[in-house]
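Visitor: Supplied in structure tokens, the structure appears directly below.
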Amino acid sequence: MKKRIIMSILGVMIGAVSVAIFKMAAFGVDPFQSFMSGISNLIPISFGTLYVIVNALLLTFSLIFDRHYIGIATFINLFLLGYVTEYSYKLFQWLISEPSLLLRIIFLIAGIVIICIGSSLYITADLGVSTYDAVALIMANKWKIGQFKFIRVCTDVCCVVLGVIMFVAGGGQFGKIPTITGIGTIITAFFMGPLIEFFNIHISRKILNTSEK
């Protein structure tokens with residue numbers, strides 16, 4: 001159990017930092033954060049607080065359909081991820097105020113890999129996942145609609161579309177859209193599900209199996 005808790009905490013914290021890395025890359029954040037960026041452009045409150053509110057609403061979905069995915073990691077994610085992202089981004093901006101194009105590309109690649117590793121760790125730990133991840137997991141494992149990786153692609157695409165709509169509706173400039181929904185978002189929308197499963201098989205499940213022998 002201790003190993004599972006450590007995996008859950010690490011997964012959530014790694015995921016939070018990876019979102020800040022995506023923001024530094026400015027090529028578009030991951031799909032759910034694209035949605036969050038859009039809604040934050042409509043509602044003028046701090047990102048951390050807004051993240052808590054939105055995820056608390058999503059939490060009701062899991063409470064109704066499958067509480068199995070609600071656990072320690074769910075609440076760590078709910079109350080900490082938004083704030084860790086917010087302050088990590090401020091720290092990165094303080095360290096590197098104007099990253100070069102090459103550095104932004106490096107940030108993008110690192111962000112994609114890191115967020116998938118973080119997601120894999122806390123999903124495999126099975127002590128609860130983020131309220132957003134729970135949606136695709138319930139559809140795949142509870143409702144048997146299809147494989148997780150394909151359902152995740154669909155939910156990610158919906159988040160991207162809604163994020164852009166809300167960003168523009170909130171007065172965002174069209175020229176700024178690529179900073180929240182760009183090539184990085186497209187890559188994660190179509191490959192995050194398969195990449196998480198890859199890290200599940202090659203990293204997270206091996207760590208868990210080793211720790212429980």
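Identifiers in this document derive from the order of the structure tokens: chains are assigned A, B, ..., residues are numbered from 1 separately in each chain, and ligands are numbered from 1 in order of occurrence.
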Determine, using only C-alpha atoms, which residues of range 39-101 of chain A have any atom at most 12 Å from an atom of range 26-35 of chain A, and tabulate each with its shortest atom pair and distance in Å to one decimal place, rows ordered by chain and then rising number, as a Markdown table.
Guide:
```
| residue | atom | partner | partner_atom | distance |
| --- | --- | --- | --- | --- |
| A:Ile39 | CA | A:Phe35 | CA | 6.3 |
| A:Ser40 | CA | A:Phe35 | CA | 8.6 |
| A:Asn41 | CA | A:Phe35 | CA | 10.0 |
| A:Leu42 | CA | A:Phe35 | CA | 11.1 |
| A:Phe47 | CA | A:Gln33 | CA | 10.3 |
| A:Gly48 | CA | A:Gln33 | CA | 11.8 |
| A:Leu50 | CA | A:Gln33 | CA | 11.6 |
| A:Tyr51 | CA | A:Gln33 | CA | 9.4 |
| A:Val54 | CA | A:Phe35 | CA | 10.3 |
| A:Asn55 | CA | A:Phe32 | CA | 10.8 |
| A:Leu81 | CA | A:Gln33 | CA | 11.2 |
| A:Gly82 | CA | A:Gln33 | CA | 9.8 |
| A:Thr85 | CA | A:Gln33 | CA | 10.4 |
| A:Glu86 | CA | A:Gln33 | CA | 11.8 |
| A:Tyr89 | CA | A:Ala26 | CA | 11.6 |
| A:Gln93 | CA | A:Ala26 | CA | 11.9 |
| A:Glu98 | CA | A:Ala26 | CA | 10.9 |
| A:Pro99 | CA | A:Ala26 | CA | 9.8 |
| A:Ser100 | CA | A:Ala26 | CA | 11.1 |
| A:Leu101 | CA | A:Ala26 | CA | 9.9 |
```
Visitor: Generate a file of the selected residues that holds N, CA and C atoms, formatted as a compact mmCIF listing (two decimals), in the first residue's frame.
Guide:
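After the write, part_10.txt holds the following:
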```
# COMPACT_ATOMS: atom_id res chain seq x y z
N ILE A 39 -12.03 27.68 -20.27
CA ILE A 39 -13.01 28.08 -19.27
C ILE A 39 -12.45 29.15 -18.33
N SER A 40 -11.13 29.13 -18.11
CA SER A 40 -10.53 30.14 -17.24
C SER A 40 -10.53 31.51 -17.92
N ASN A 41 -10.63 31.50 -19.25
CA ASN A 41 -10.73 32.76 -19.98
C ASN A 41 -12.12 33.36 -19.84
N LEU A 42 -13.08 32.51 -19.50
CA LEU A 42 -14.45 32.98 -19.29
C LEU A 42 -14.71 33.38 -17.84
N PHE A 47 -6.37 30.00 -11.51
CA PHE A 47 -6.41 28.70 -12.17
C PHE A 47 -6.57 27.57 -11.16
N GLY A 48 -5.83 27.66 -10.05
CA GLY A 48 -5.88 26.60 -9.05
C GLY A 48 -7.27 26.41 -8.48
N LEU A 50 -10.17 27.42 -9.84
CA LEU A 50 -11.07 26.98 -10.91
C LEU A 50 -10.91 25.49 -11.16
N TYR A 51 -9.68 25.01 -11.10
CA TYR A 51 -9.41 23.58 -11.31
C TYR A 51 -10.15 22.75 -10.26
N VAL A 54 -14.06 22.77 -11.14
CA VAL A 54 -14.42 21.95 -12.29
C VAL A 54 -14.29 20.46 -11.96
N ASN A 55 -13.21 20.09 -11.28
CA ASN A 55 -13.01 18.68 -10.96
C ASN A 55 -13.96 18.18 -9.89
N LEU A 81 -3.24 19.59 -7.86
CA LEU A 81 -2.69 19.71 -9.20
C LEU A 81 -2.78 21.12 -9.77
N GLY A 82 -3.93 21.75 -9.63
CA GLY A 82 -4.10 23.09 -10.18
C GLY A 82 -3.14 24.09 -9.58
N THR A 85 0.52 23.32 -10.61
CA THR A 85 0.71 23.79 -11.98
C THR A 85 0.90 25.29 -12.02
N GLU A 86 0.03 26.00 -11.32
CA GLU A 86 0.07 27.47 -11.31
C GLU A 86 1.42 28.00 -10.82
N TYR A 89 4.53 26.94 -13.05
CA TYR A 89 4.61 27.79 -14.25
C TYR A 89 5.24 29.13 -13.91
N GLN A 93 8.70 30.54 -15.50
CA GLN A 93 8.74 31.86 -16.13
C GLN A 93 9.80 32.74 -15.50
N GLU A 98 11.89 34.12 -21.53
CA GLU A 98 11.63 34.05 -22.97
C GLU A 98 12.39 32.89 -23.59
N PRO A 99 11.84 31.68 -23.52
CA PRO A 99 12.53 30.51 -24.08
C PRO A 99 12.65 30.59 -25.60
N SER A 100 13.77 30.11 -26.12
CA SER A 100 13.98 30.09 -27.57
C SER A 100 13.09 29.04 -28.21
N LEU A 101 13.00 29.06 -29.54
CA LEU A 101 12.18 28.07 -30.26
C LEU A 101 12.66 26.66 -29.97
```
Visitor: Near Ser120 in chain A, within 12 Å and counting only C-alpha atoms, which residues show up once chain neighbours fewer than 4 positions away are dropped, as a PyMOL selection string?
Guide: chain A and resi 7-12+14-15+113-116+124-126+128-130+133+192-208
Visitor: CA of Ala189 in chain A and CA of Val157 in chain A are how many Å apart?
Guide: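 Result for CA of Ala189 in chain A versus CA of Val157 in chain A: 6.0 Å, one decimal.
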Visitor: So which residues touch Ile177 in chain A within 12 Å, counting only C-alpha atoms, skipping near sequence neighbours fewer than 2 positions away, as a compact mmCIF listing (two decimals) with C-alpha atoms, in the first residue's frame?
Guide:
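Generated output (part.txt):
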```
# COMPACT_ATOMS: atom_id res chain seq x y z
CA ALA A 26 3.38 27.47 -25.80
CA PHE A 27 2.52 24.96 -28.52
CA GLY A 28 -0.74 23.99 -26.85
CA VAL A 29 -1.41 22.21 -23.59
CA SER A 34 -6.91 23.15 -23.10
CA PHE A 35 -10.47 22.89 -21.80
CA SER A 37 -7.58 27.29 -20.30
CA GLY A 38 -10.73 28.02 -22.27
CA ASN A 41 -10.73 32.76 -19.98
CA VAL A 160 -10.00 20.58 -27.29
CA VAL A 161 -13.06 21.74 -29.23
CA GLY A 163 -11.63 24.73 -24.93
CA VAL A 164 -11.23 26.70 -28.15
CA ILE A 165 -14.91 27.71 -28.20
CA MET A 166 -14.77 29.01 -24.63
CA PHE A 167 -11.42 30.74 -25.18
CA VAL A 168 -12.82 32.71 -28.12
CA ALA A 169 -16.13 33.35 -26.35
CA GLY A 170 -14.16 34.78 -23.43
CA GLY A 171 -12.53 37.36 -25.69
CA GLY A 172 -9.37 35.43 -26.54
CA GLN A 173 -7.56 36.46 -29.72
CA PHE A 174 -7.53 33.97 -32.58
CA GLY A 175 -3.77 34.42 -32.85
CA THR A 179 -0.79 28.64 -27.17
CA ILE A 180 -3.60 26.58 -25.61
CA THR A 181 -4.58 24.40 -28.56
CA GLY A 182 -1.71 23.73 -30.93
CA ILE A 183 0.51 20.96 -32.18
CA THR A 185 -2.58 19.42 -28.02
```
Visitor: Select, from A:Ser119, A:Ile112, A:Tyr132, A:Leu127, the residue with the minimum atom-to-atom distance to Ile187 in chain A, counting only C-alpha atoms.
Guide: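 The shortest atom-to-atom distance to Ile187 in chain A comes from A:Ile112.
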Visitor: Could you pull out the residues in range 12-191 of chain A that DSSP calls alpha helix (DSSP H) from the backbone, as a PyMOL selection string?
Guide: chain A and resi 12-25+31-42+47-65+72-76+82-95+101-125+131-137+148-169+177-180+183-191
Visitor: Write the residues of the selection above to a file with C-alpha atoms, as a short mmCIF file (atom, residue, chain, number, x, y, z; two decimals), in the first residue's frame.
Guide:
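The resulting file, result_6.cif, is shown below:
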```cif
data_model
loop_
_atom_site.label_atom_id
_atom_site.label_comp_id
_atom_site.auth_asym_id
_atom_site.auth_seq_id
_atom_site.Cartn_x
_atom_site.Cartn_y
_atom_site.Cartn_z
CA VAL A 12 -0.12 13.55 -9.61
CA MET A 13 2.83 15.82 -8.88
CA ILE A 14 4.63 14.84 -12.10
CA GLY A 15 1.46 15.52 -14.04
CA ALA A 16 1.12 18.96 -12.45
CA VAL A 17 4.66 19.98 -13.35
CA SER A 18 4.22 18.63 -16.89
CA VAL A 19 1.29 20.99 -17.47
CA ALA A 20 3.53 23.92 -16.52
CA ILE A 21 6.10 22.59 -19.00
CA PHE A 22 3.42 22.54 -21.71
CA LYS A 23 2.61 26.15 -20.92
CA MET A 24 6.28 27.08 -21.29
CA ALA A 25 6.38 25.37 -24.68
CA PRO A 31 -6.56 18.35 -24.03
CA PHE A 32 -8.03 18.69 -20.53
CA GLN A 33 -5.84 21.69 -19.76
CA SER A 34 -6.91 23.15 -23.10
CA PHE A 35 -10.47 22.89 -21.80
CA MET A 36 -9.39 24.45 -18.50
CA SER A 37 -7.58 27.29 -20.30
CA GLY A 38 -10.73 28.02 -22.27
CA ILE A 39 -13.01 28.08 -19.27
CA SER A 40 -10.53 30.14 -17.24
CA ASN A 41 -10.73 32.76 -19.98
CA LEU A 42 -14.45 32.98 -19.29
CA PHE A 47 -6.41 28.70 -12.17
CA GLY A 48 -5.88 26.60 -9.05
CA THR A 49 -9.27 27.46 -7.58
CA LEU A 50 -11.07 26.98 -10.91
CA TYR A 51 -9.41 23.58 -11.31
CA VAL A 52 -10.81 22.49 -7.94
CA ILE A 53 -14.33 23.65 -8.86
CA VAL A 54 -14.42 21.95 -12.29
CA ASN A 55 -13.01 18.68 -10.96
CA ALA A 56 -15.39 18.68 -8.04
CA LEU A 57 -18.21 18.76 -10.59
CA LEU A 58 -16.63 15.91 -12.57
CA LEU A 59 -16.27 13.97 -9.33
CA THR A 60 -20.06 13.57 -9.19
CA PHE A 61 -19.88 11.55 -12.44
CA SER A 62 -17.66 8.93 -10.77
CA LEU A 63 -19.72 8.97 -7.58
CA ILE A 64 -22.80 8.08 -9.62
CA PHE A 65 -21.41 5.50 -12.04
CA ILE A 72 -6.39 9.03 -2.41
CA ALA A 73 -4.95 10.05 -5.78
CA THR A 74 -8.28 11.53 -6.86
CA PHE A 75 -8.29 14.00 -3.98
CA ILE A 76 -4.58 14.75 -4.25
CA GLY A 82 -4.10 23.09 -10.18
CA TYR A 83 -2.07 24.99 -7.60
CA VAL A 84 1.15 23.05 -8.28
CA THR A 85 0.71 23.79 -11.98
CA GLU A 86 0.07 27.47 -11.31
CA TYR A 87 3.14 27.97 -9.13
CA SER A 88 5.40 25.69 -11.20
CA TYR A 89 4.61 27.79 -14.25
CA LYS A 90 5.43 30.98 -12.36
CA LEU A 91 8.76 29.44 -11.30
CA PHE A 92 9.61 28.39 -14.87
CA GLN A 93 8.74 31.86 -16.13
CA TRP A 94 11.00 33.39 -13.50
CA LEU A 95 13.87 31.09 -14.50
CA LEU A 101 12.18 28.07 -30.26
CA LEU A 102 14.53 25.12 -29.70
CA LEU A 103 13.91 25.20 -25.95
CA ARG A 104 10.16 25.39 -26.52
CA ILE A 105 10.36 22.26 -28.70
CA ILE A 106 12.32 20.50 -25.96
CA PHE A 107 9.67 21.59 -23.43
CA LEU A 108 6.96 20.18 -25.70
CA ILE A 109 8.59 16.76 -26.07
CA ALA A 110 9.39 16.58 -22.37
CA GLY A 111 5.84 17.63 -21.44
CA ILE A 112 4.23 14.90 -23.54
CA VAL A 113 6.45 12.15 -22.14
CA ILE A 114 6.24 13.35 -18.53
CA ILE A 115 2.45 13.78 -18.42
CA CYS A 116 1.94 10.27 -19.80
CA ILE A 117 4.35 8.77 -17.26
CA GLY A 118 2.60 10.62 -14.43
CA SER A 119 -0.83 9.48 -15.62
CA SER A 120 0.39 5.91 -15.94
CA LEU A 121 1.80 5.86 -12.41
CA TYR A 122 -1.35 6.94 -10.61
CA ILE A 123 -3.69 4.92 -12.84
CA THR A 124 -1.67 1.75 -12.21
CA ALA A 125 -1.42 2.45 -8.46
CA THR A 131 -11.85 12.92 -12.23
CA TYR A 132 -11.17 13.44 -15.95
CA ASP A 133 -9.31 10.14 -16.39
CA ALA A 134 -12.17 8.38 -14.59
CA VAL A 135 -14.60 9.36 -17.34
CA ALA A 136 -12.77 7.39 -20.05
CA LEU A 137 -11.99 4.51 -17.67
CA PHE A 148 -9.61 2.88 -23.14
CA LYS A 149 -7.08 4.27 -25.61
CA PHE A 150 -9.76 4.94 -28.25
CA ILE A 151 -12.30 6.39 -25.81
CA ARG A 152 -9.57 8.62 -24.42
CA VAL A 153 -8.95 10.00 -27.91
CA CYS A 154 -12.64 10.90 -28.19
CA THR A 155 -12.84 12.63 -24.79
CA ASP A 156 -9.61 14.50 -25.52
CA VAL A 157 -10.92 15.79 -28.84
CA CYS A 158 -14.12 17.01 -27.15
CA CYS A 159 -12.06 18.90 -24.57
CA VAL A 160 -10.00 20.58 -27.29
CA VAL A 161 -13.06 21.74 -29.23
CA LEU A 162 -14.82 23.05 -26.12
CA GLY A 163 -11.63 24.73 -24.93
CA VAL A 164 -11.23 26.70 -28.15
CA ILE A 165 -14.91 27.71 -28.20
CA MET A 166 -14.77 29.01 -24.63
CA PHE A 167 -11.42 30.74 -25.18
CA VAL A 168 -12.82 32.71 -28.12
CA ALA A 169 -16.13 33.35 -26.35
CA ILE A 177 -5.31 29.94 -29.84
CA PRO A 178 -2.12 27.93 -30.69
CA THR A 179 -0.79 28.64 -27.17
CA ILE A 180 -3.60 26.58 -25.61
CA ILE A 183 0.51 20.96 -32.18
CA GLY A 184 1.14 19.78 -28.62
CA THR A 185 -2.58 19.42 -28.02
CA ILE A 186 -3.08 17.52 -31.25
CA ILE A 187 -0.26 15.12 -30.42
CA THR A 188 -1.59 14.42 -26.92
CA ALA A 189 -5.20 14.17 -28.11
CA PHE A 190 -4.36 11.30 -30.46
CA PHE A 191 -1.41 9.66 -28.71
#
```
Visitor: Rounded to one decimal, what separation in Å do you get between CA of Gly71 in chain A and CA of Gln147 in chain A?
Guide: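 Computed distance, CA of Gly71 in chain A to CA of Gln147 in chain A, equals 22.8 Å.
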Visitor: Report, in Å to a single decimal, how far apart CA of His68 in chain A and CA of Lys142 in chain A are.
Guide: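 Separation between CA of Lys142 in chain A and CA of His68 in chain A: 10.2 Å.
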